[in-house]
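Structure data follow from entry.txt (compact mmCIF, C-alpha atoms and all ligand atoms):
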```txt
# COMPACT_ATOMS: atom_id res chain seq x y z
CA MET I 4 101.56 110.76 112.89
CA ARG I 5 97.95 110.50 111.78
CA ILE I 6 96.80 109.04 108.46
CA ASP I 7 93.18 109.43 107.34
CA ILE I 8 92.14 107.04 104.59
CA ILE I 9 89.04 107.69 102.50
CA THR I 10 87.79 104.44 101.02
CA ILE I 11 84.59 102.59 100.17
CA PHE I 12 86.34 99.33 101.15
CA PRO I 13 87.82 99.86 104.64
CA GLU I 14 87.69 96.08 105.25
CA MET I 15 90.42 95.65 102.63
CA PHE I 16 92.91 97.14 105.08
CA SER I 17 92.21 94.80 107.97
CA GLY I 18 94.69 92.20 106.71
CA PRO I 19 97.72 94.41 106.12
CA PHE I 20 97.09 96.83 109.01
CA ASP I 21 96.24 94.29 111.73
CA HIS I 22 99.50 92.36 111.64
CA SER I 23 103.20 92.75 112.06
CA ILE I 24 104.79 96.19 112.01
CA ILE I 25 101.74 98.39 111.38
CA LYS I 26 99.78 96.58 114.08
CA ARG I 27 102.56 97.19 116.59
CA ALA I 28 102.96 100.83 115.56
CA ARG I 29 99.23 101.38 116.11
CA GLU I 30 99.30 99.63 119.49
CA LYS I 31 102.28 101.72 120.58
CA LYS I 32 100.36 104.84 119.45
CA LEU I 33 103.22 105.81 117.14
CA ILE I 34 100.65 106.07 114.37
CA GLU I 35 96.90 106.69 114.23
CA ILE I 36 94.98 105.42 111.20
CA HIS I 37 91.37 106.51 110.66
CA PHE I 38 89.01 105.30 107.95
CA HIS I 39 86.19 107.29 106.35
CA ASN I 40 83.66 105.75 103.99
CA PRO I 41 81.94 107.92 101.35
CA ARG I 42 79.09 105.38 101.43
CA ASN I 43 78.07 106.97 104.72
CA TYR I 44 77.34 110.21 102.82
CA PRO I 45 75.04 109.23 99.93
CA VAL I 46 73.46 111.93 97.76
CA ASN I 47 69.98 110.40 97.77
CA LYS I 48 67.74 107.91 99.55
CA TYR I 49 68.99 105.11 97.26
CA GLY I 50 72.48 105.41 98.70
CA SER I 51 74.19 106.70 95.53
CA ILE I 52 77.72 108.05 95.72
CA ASP I 53 78.60 107.86 92.02
CA ASP I 54 76.92 108.58 88.70
CA TYR I 55 77.29 108.31 84.91
CA PRO I 56 80.06 110.37 83.34
CA TYR I 57 79.00 113.56 81.56
CA GLY I 58 79.70 113.12 77.86
CA GLY I 59 79.10 109.38 78.04
CA GLY I 60 81.43 106.43 78.34
CA ALA I 61 81.71 103.31 80.46
CA GLY I 62 81.88 103.14 84.23
CA MET I 63 80.62 105.24 87.09
CA VAL I 64 82.34 108.33 88.44
CA MET I 65 82.53 109.18 92.15
CA ARG I 66 80.54 112.33 92.94
CA ILE I 67 82.03 115.28 94.78
CA GLU I 68 79.55 115.57 97.68
CA PRO I 69 80.25 112.29 99.55
CA VAL I 70 84.01 112.98 99.45
CA ALA I 71 83.61 116.66 100.37
CA ALA I 72 81.45 115.61 103.34
CA ILE I 73 84.51 113.78 104.70
CA LEU I 74 87.27 116.17 103.61
CA ASP I 75 85.73 119.48 104.69
CA PRO I 76 85.46 118.62 108.40
CA LEU I 77 88.88 116.92 108.46
CA LEU I 78 90.57 119.92 106.86
CA ALA I 79 88.79 122.25 109.30
CA GLU I 80 89.93 120.17 112.30
CA ARG I 81 93.71 120.12 111.71
CA GLN I 82 96.51 120.94 109.27
CA TYR I 83 97.22 118.21 106.71
CA ALA I 84 100.58 118.21 104.94
CA GLU I 85 99.14 116.41 101.89
CA VAL I 86 95.89 115.11 100.44
CA ILE I 87 97.12 112.20 98.33
CA TYR I 88 95.07 110.61 95.56
CA THR I 89 95.97 107.07 94.44
CA THR I 90 95.93 106.75 90.66
CA PRO I 91 97.97 105.19 87.85
CA GLU I 92 98.10 108.74 86.46
CA GLY I 93 100.12 109.92 89.49
CA GLN I 94 103.87 110.36 89.99
CA PRO I 95 105.63 106.97 90.30
CA TYR I 96 106.09 106.26 94.03
CA LYS I 97 109.71 106.06 95.21
CA GLN I 98 111.50 105.52 98.52
CA ALA I 99 112.40 109.23 98.61
CA GLU I 100 108.68 110.06 98.74
CA ALA I 101 108.15 107.56 101.58
CA ASN I 102 111.00 109.24 103.49
CA ASN I 103 109.44 112.65 102.88
CA LEU I 104 105.91 111.60 103.91
CA SER I 105 107.16 109.85 107.07
CA THR I 106 108.22 113.24 108.45
CA MET I 107 104.70 114.73 108.15
CA ASP I 108 102.29 115.07 111.08
CA ASN I 109 99.03 114.39 109.23
CA ILE I 110 98.17 113.16 105.77
CA ILE I 111 95.02 112.11 103.96
CA ILE I 112 94.93 109.33 101.37
CA LEU I 113 91.96 109.30 99.04
CA CYS I 114 91.60 105.92 97.35
CA GLY I 115 90.80 105.94 93.65
CA HIS I 116 87.57 104.49 92.37
CA TYR I 117 86.86 102.31 89.30
CA LYS I 118 86.60 104.80 86.43
CA GLY I 119 87.71 107.70 88.57
CA ILE I 120 86.42 110.54 90.66
CA ASP I 121 84.99 113.84 89.48
CA GLN I 122 87.98 115.91 88.34
CA ARG I 123 86.86 118.78 90.56
CA ILE I 124 87.69 116.76 93.70
CA ARG I 125 91.24 116.52 92.39
CA ASN I 126 91.37 120.20 91.47
CA ILE I 127 89.94 121.45 94.75
CA TYR I 128 91.39 119.11 97.38
CA VAL I 129 94.18 116.85 96.14
CA THR I 130 97.77 118.08 96.64
CA LYS I 131 99.65 115.01 95.41
CA GLU I 132 98.78 112.16 93.01
CA LEU I 133 100.81 108.97 93.39
CA SER I 134 101.02 105.70 91.46
CA VAL I 135 102.53 102.43 92.71
CA GLY I 136 103.53 101.41 89.19
CA ASP I 137 102.60 101.20 85.54
CA TYR I 138 99.77 98.73 85.95
CA VAL I 139 96.11 99.09 86.87
CA LEU I 140 94.77 97.97 90.25
CA SER I 141 91.06 97.33 90.81
CA GLY I 142 90.98 100.26 93.19
CA GLY I 143 93.25 102.51 95.19
CA GLU I 144 93.10 100.49 98.41
CA LEU I 145 96.13 98.29 97.74
CA ALA I 146 98.10 101.37 96.72
CA ALA I 147 97.04 103.19 99.92
CA ALA I 148 98.14 100.15 101.96
CA ILE I 149 101.54 100.26 100.24
CA PHE I 150 101.96 103.99 100.89
CA THR I 151 100.97 103.55 104.54
CA ASP I 152 103.24 100.55 105.11
CA THR I 153 106.28 102.23 103.58
CA ILE I 154 105.69 105.42 105.60
CA VAL I 155 104.93 103.80 108.96
CA ARG I 156 108.05 101.62 109.08
CA LEU I 157 110.18 104.78 108.82
CA ILE I 158 108.65 106.48 111.86
CA PRO I 159 111.18 106.46 114.72
CA GLY I 160 110.46 103.69 117.25
CA VAL I 161 108.38 101.58 114.85
CA LEU I 162 111.14 99.17 113.83
CA GLY I 163 112.96 97.49 116.70
CA ASP I 164 116.40 97.97 115.25
CA GLU I 165 116.71 101.64 114.32
CA THR I 166 119.33 100.88 111.69
CA SER I 167 117.27 98.37 109.77
CA ALA I 168 115.14 100.89 107.84
CA LEU I 169 118.31 102.70 106.79
CA SER I 170 119.82 99.50 105.41
CA ASP I 171 116.77 98.77 103.23
CA SER I 172 117.18 98.43 99.52
CA PHE I 173 116.92 101.91 97.88
CA GLN I 174 117.86 103.86 101.03
CA ASP I 175 121.41 104.26 99.71
CA GLY I 176 120.27 104.06 96.09
CA LEU I 177 121.35 100.40 95.84
CA LEU I 178 119.64 97.03 96.08
CA SER I 179 120.42 94.97 99.19
CA PRO I 180 123.29 92.46 99.19
CA PRO I 181 122.61 88.71 99.75
CA VAL I 182 122.28 87.48 103.35
CA TYR I 183 122.90 84.00 104.80
CA THR I 184 122.18 82.11 108.03
CA LYS I 185 122.54 78.52 109.29
CA PRO I 186 123.22 75.89 108.10
CA LEU I 187 126.72 76.55 106.84
CA GLU I 188 126.14 74.14 103.97
CA TYR I 189 122.81 73.08 102.42
CA LYS I 190 122.81 70.35 99.75
CA GLY I 191 126.27 71.44 98.64
CA HIS I 192 125.45 75.18 98.63
CA LYS I 193 127.89 76.95 100.94
CA VAL I 194 127.85 80.29 102.72
CA PRO I 195 130.56 82.58 101.23
CA ASP I 196 133.80 82.24 103.23
CA ILE I 197 134.21 85.99 103.69
CA LEU I 198 131.15 86.09 105.99
CA LEU I 199 132.87 83.64 108.36
CA SER I 200 136.15 85.55 108.41
CA GLY I 201 135.31 87.77 111.38
CA ASN I 202 136.93 90.69 109.49
CA HIS I 203 134.18 93.32 109.63
CA ARG I 204 135.91 95.80 107.35
CA LYS I 205 136.28 93.11 104.66
CA ILE I 206 132.69 91.96 105.21
CA ASP I 207 131.37 95.51 104.77
CA GLU I 208 133.45 95.86 101.60
CA TRP I 209 132.08 92.57 100.24
CA ARG I 210 128.48 93.62 101.02
CA ASN I 211 128.97 96.93 99.23
CA GLU I 212 130.46 95.17 96.20
CA GLN I 213 127.57 92.70 96.11
CA ALA I 214 125.00 95.50 96.43
CA GLU I 215 126.63 97.36 93.54
CA LYS I 216 126.87 94.21 91.42
CA ARG I 217 123.20 93.37 91.95
CA THR I 218 122.16 96.91 91.17
CA ARG I 219 124.29 97.03 88.01
CA GLU I 220 122.87 93.69 86.80
CA ARG I 221 119.22 94.14 87.75
CA ARG I 222 118.54 97.87 87.99
CA PRO I 223 121.16 99.87 86.08
CA ASP I 224 118.62 102.72 85.98
CA LEU I 225 119.22 103.27 89.71
CA LEU I 226 122.89 104.05 89.08
CA GLU I 227 122.26 106.75 86.47
N1 LIG M 301 94.73 102.65 91.27
C1 LIG M 301 94.67 101.81 90.22
N2 LIG M 301 95.89 101.54 89.77
C2 LIG M 301 96.76 102.25 90.54
C3 LIG M 301 98.18 102.39 90.56
N3 LIG M 301 98.96 101.77 89.68
N4 LIG M 301 98.72 103.19 91.51
C4 LIG M 301 97.93 103.84 92.38
N5 LIG M 301 96.60 103.74 92.41
C5 LIG M 301 96.01 102.95 91.50
```
As structure tokens, the full file:
Amino acid sequence: MRIDIITIFPEMFSGPFDHSIIKRAREKKLIEIHFHNPRNYPVNKYGSIDDYPYGGGAGMVMRIEPVAAILDPLLAERQYAEVIYTTPEGQPYKQAEANNLSTMDNIIILCGHYKGIDQRIRNIYVTKELSVGDYVLSGGELAAAIFTDTIVRLIPGVLGDETSALSDSFQDGLLSPPVYTKPLEYKGHKVPDILLSGNHRKIDEWRNEQAEKRTRERRPDLLE
């Protein structure tokens, strides 16, 4: 899979993408991530990529040309399943969408920009608008990192244990049950006896019950 990320802050991704699972997926060539910076395509000799909004108002709006200069050649080079725009105005991002996107060959993520981008970029190029939640980030980069992380870990071969992505919270519509390891007792807090029973059928039953209980208590909306 190939992900092209359009951002004026590519350095913001070096933390999340250069460690742990995404780092390994890139090294194993299971995923290719490419960055494109609209700053490299200014509209004048002063380096401008944004301008004042028509009609007035606060904040600068990203112009079409620097983004089109990146998107046009990419779209001519290969088929992209989606051009995603990160915005609090988008559809709320869910695990089902991560599952769906992880099956695609190529996607583009266009990171949102302070007060927004010219609406015509969205009309012409964007196929999907996604939000990470009902709060406002300083830019789309953290959202793009979240989308990428959730997609990449689902690509076959990325996680060591193939079953572990399937047992994530949300994959079966439930939150995960509690887990325990050594020591058996810590300051009077014991590991539940059932987990020491060796009875795997009973242990599975207990884990299911705990997952349902947690979901009912914390996220009843997931059960509706
Ligand atoms: N950009 C700013 N806030 C955002 C959000 N909640 N989701 C996606 N992109 C954003």
How close does segment 77-179 of chain I get to segment 37-46 of chain I? List, as JSON lines, each residue of segment 77-179 of chain I within 10 Å, its nearest atom pair and the distance in Å to one decimal, counting all atoms listed in the file.
```
{"residue": "I:Ile111", "atom": "CA", "partner": "I:His37", "partner_atom": "CA", "distance": 9.5}
{"residue": "I:Ile112", "atom": "CA", "partner": "I:Phe38", "partner_atom": "CA", "distance": 9.7}
{"residue": "I:Leu113", "atom": "CA", "partner": "I:His39", "partner_atom": "CA", "distance": 9.5}
```
**OP:** Dump the neighbourhood of ligand LIG 301 (chain M) as a ChimeraX atom specification: all residues within 7 Å, distances computed on all atoms listed in the file.
**Re:** /I:89-91,115,133-143,146
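Rounded to one decimal, atom CA of Arg66 of chain I and atom CA of Ala148 of chain I lie 23.2 Å from each other.
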Original post:
Any idea what the distance is between atom CA of Gln94 of chain I and atom CA of Glu132 of chain I?
Top reply: 6.2 Å
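With atom CA of Met4 of chain I on one side and atom CA of Tyr83 of chain I on the other, the separation reads 10.6 Å.
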Please write as a PDB file with C-alpha atoms, keeping the file's coordinate frame the list of polymer residues whose atoms come within 6 Å of (87.1, 105.4, 83.8), counting all atoms listed in the file and keeping to the coordinates of the file.
```
ATOM      1  CA  GLY I  62      81.880 103.140  84.230  1.00  0.00           C
ATOM      2  CA  LYS I 118      86.600 104.800  86.430  1.00  0.00           C
ATOM      3  CA  GLY I 119      87.710 107.700  88.570  1.00  0.00           C
TER       4      GLY I 119
END
```
Subject >> Spatial neighbours of Ser23 of chain I, max dist 12 Å, all atoms listed in the file, sep filter under 2 positions, as a PyMOL selection string >> reply: chain I and resi 17-21+25-30+152+155-156+161-163
**OP:** Would you mind listing what lies within 9 Å of segment 179-196 of chain I as an MDAnalysis selection string, with all atoms listed in the file counted and same-chain residues fewer than 2 positions away left out?
**Re:** chainID I and resid 170:173 177 198:200 209:218
Original post:
I:Gln82, I:Tyr128, I:Glu68, I:Leu157: which is nearest Thr106 of chain I, counting all atoms listed in the file?
Top reply: I:Leu157
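Minimum atom-to-atom distance to Cys114 of chain I, evaluated using all atoms listed in the file, belongs to I:Met65 out of I:Glu100, I:Ile52, I:Ser167, I:Met65.
Nearest residue to Asn126 of chain I among I:Asp207, I:Asp53, I:Val86, I:Ile36 is I:Val86, counting all atoms listed in the file.
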Original post:
Using only C-alpha atoms, which residue out of I:Ile197, I:Ile158, I:Leu145, I:Met63 lies closest to Lys31 of chain I?
Top reply: I:Ile158
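Counting all atoms listed in the file, the residue from I:Leu169, I:Leu226, I:Ile24, I:Ile8 that sits nearest to Ile73 of chain I is I:Ile8.
Of the residues listed (I:Glu85, I:Tyr96, I:Gly176, I:Phe12), I:Gly176 shows the shortest atom-to-atom separation from Glu227 of chain I; distances use only C-alpha atoms.
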**OP:** List the neighbours of Ile124 of chain I out to 9 Å using only C-alpha atoms; skip same-chain residues closer than 5 positions along the sequence, and give me the result as a list in words.
**Re:** Arg66, Ile67, Val70, Ala71 and Val129 of chain I
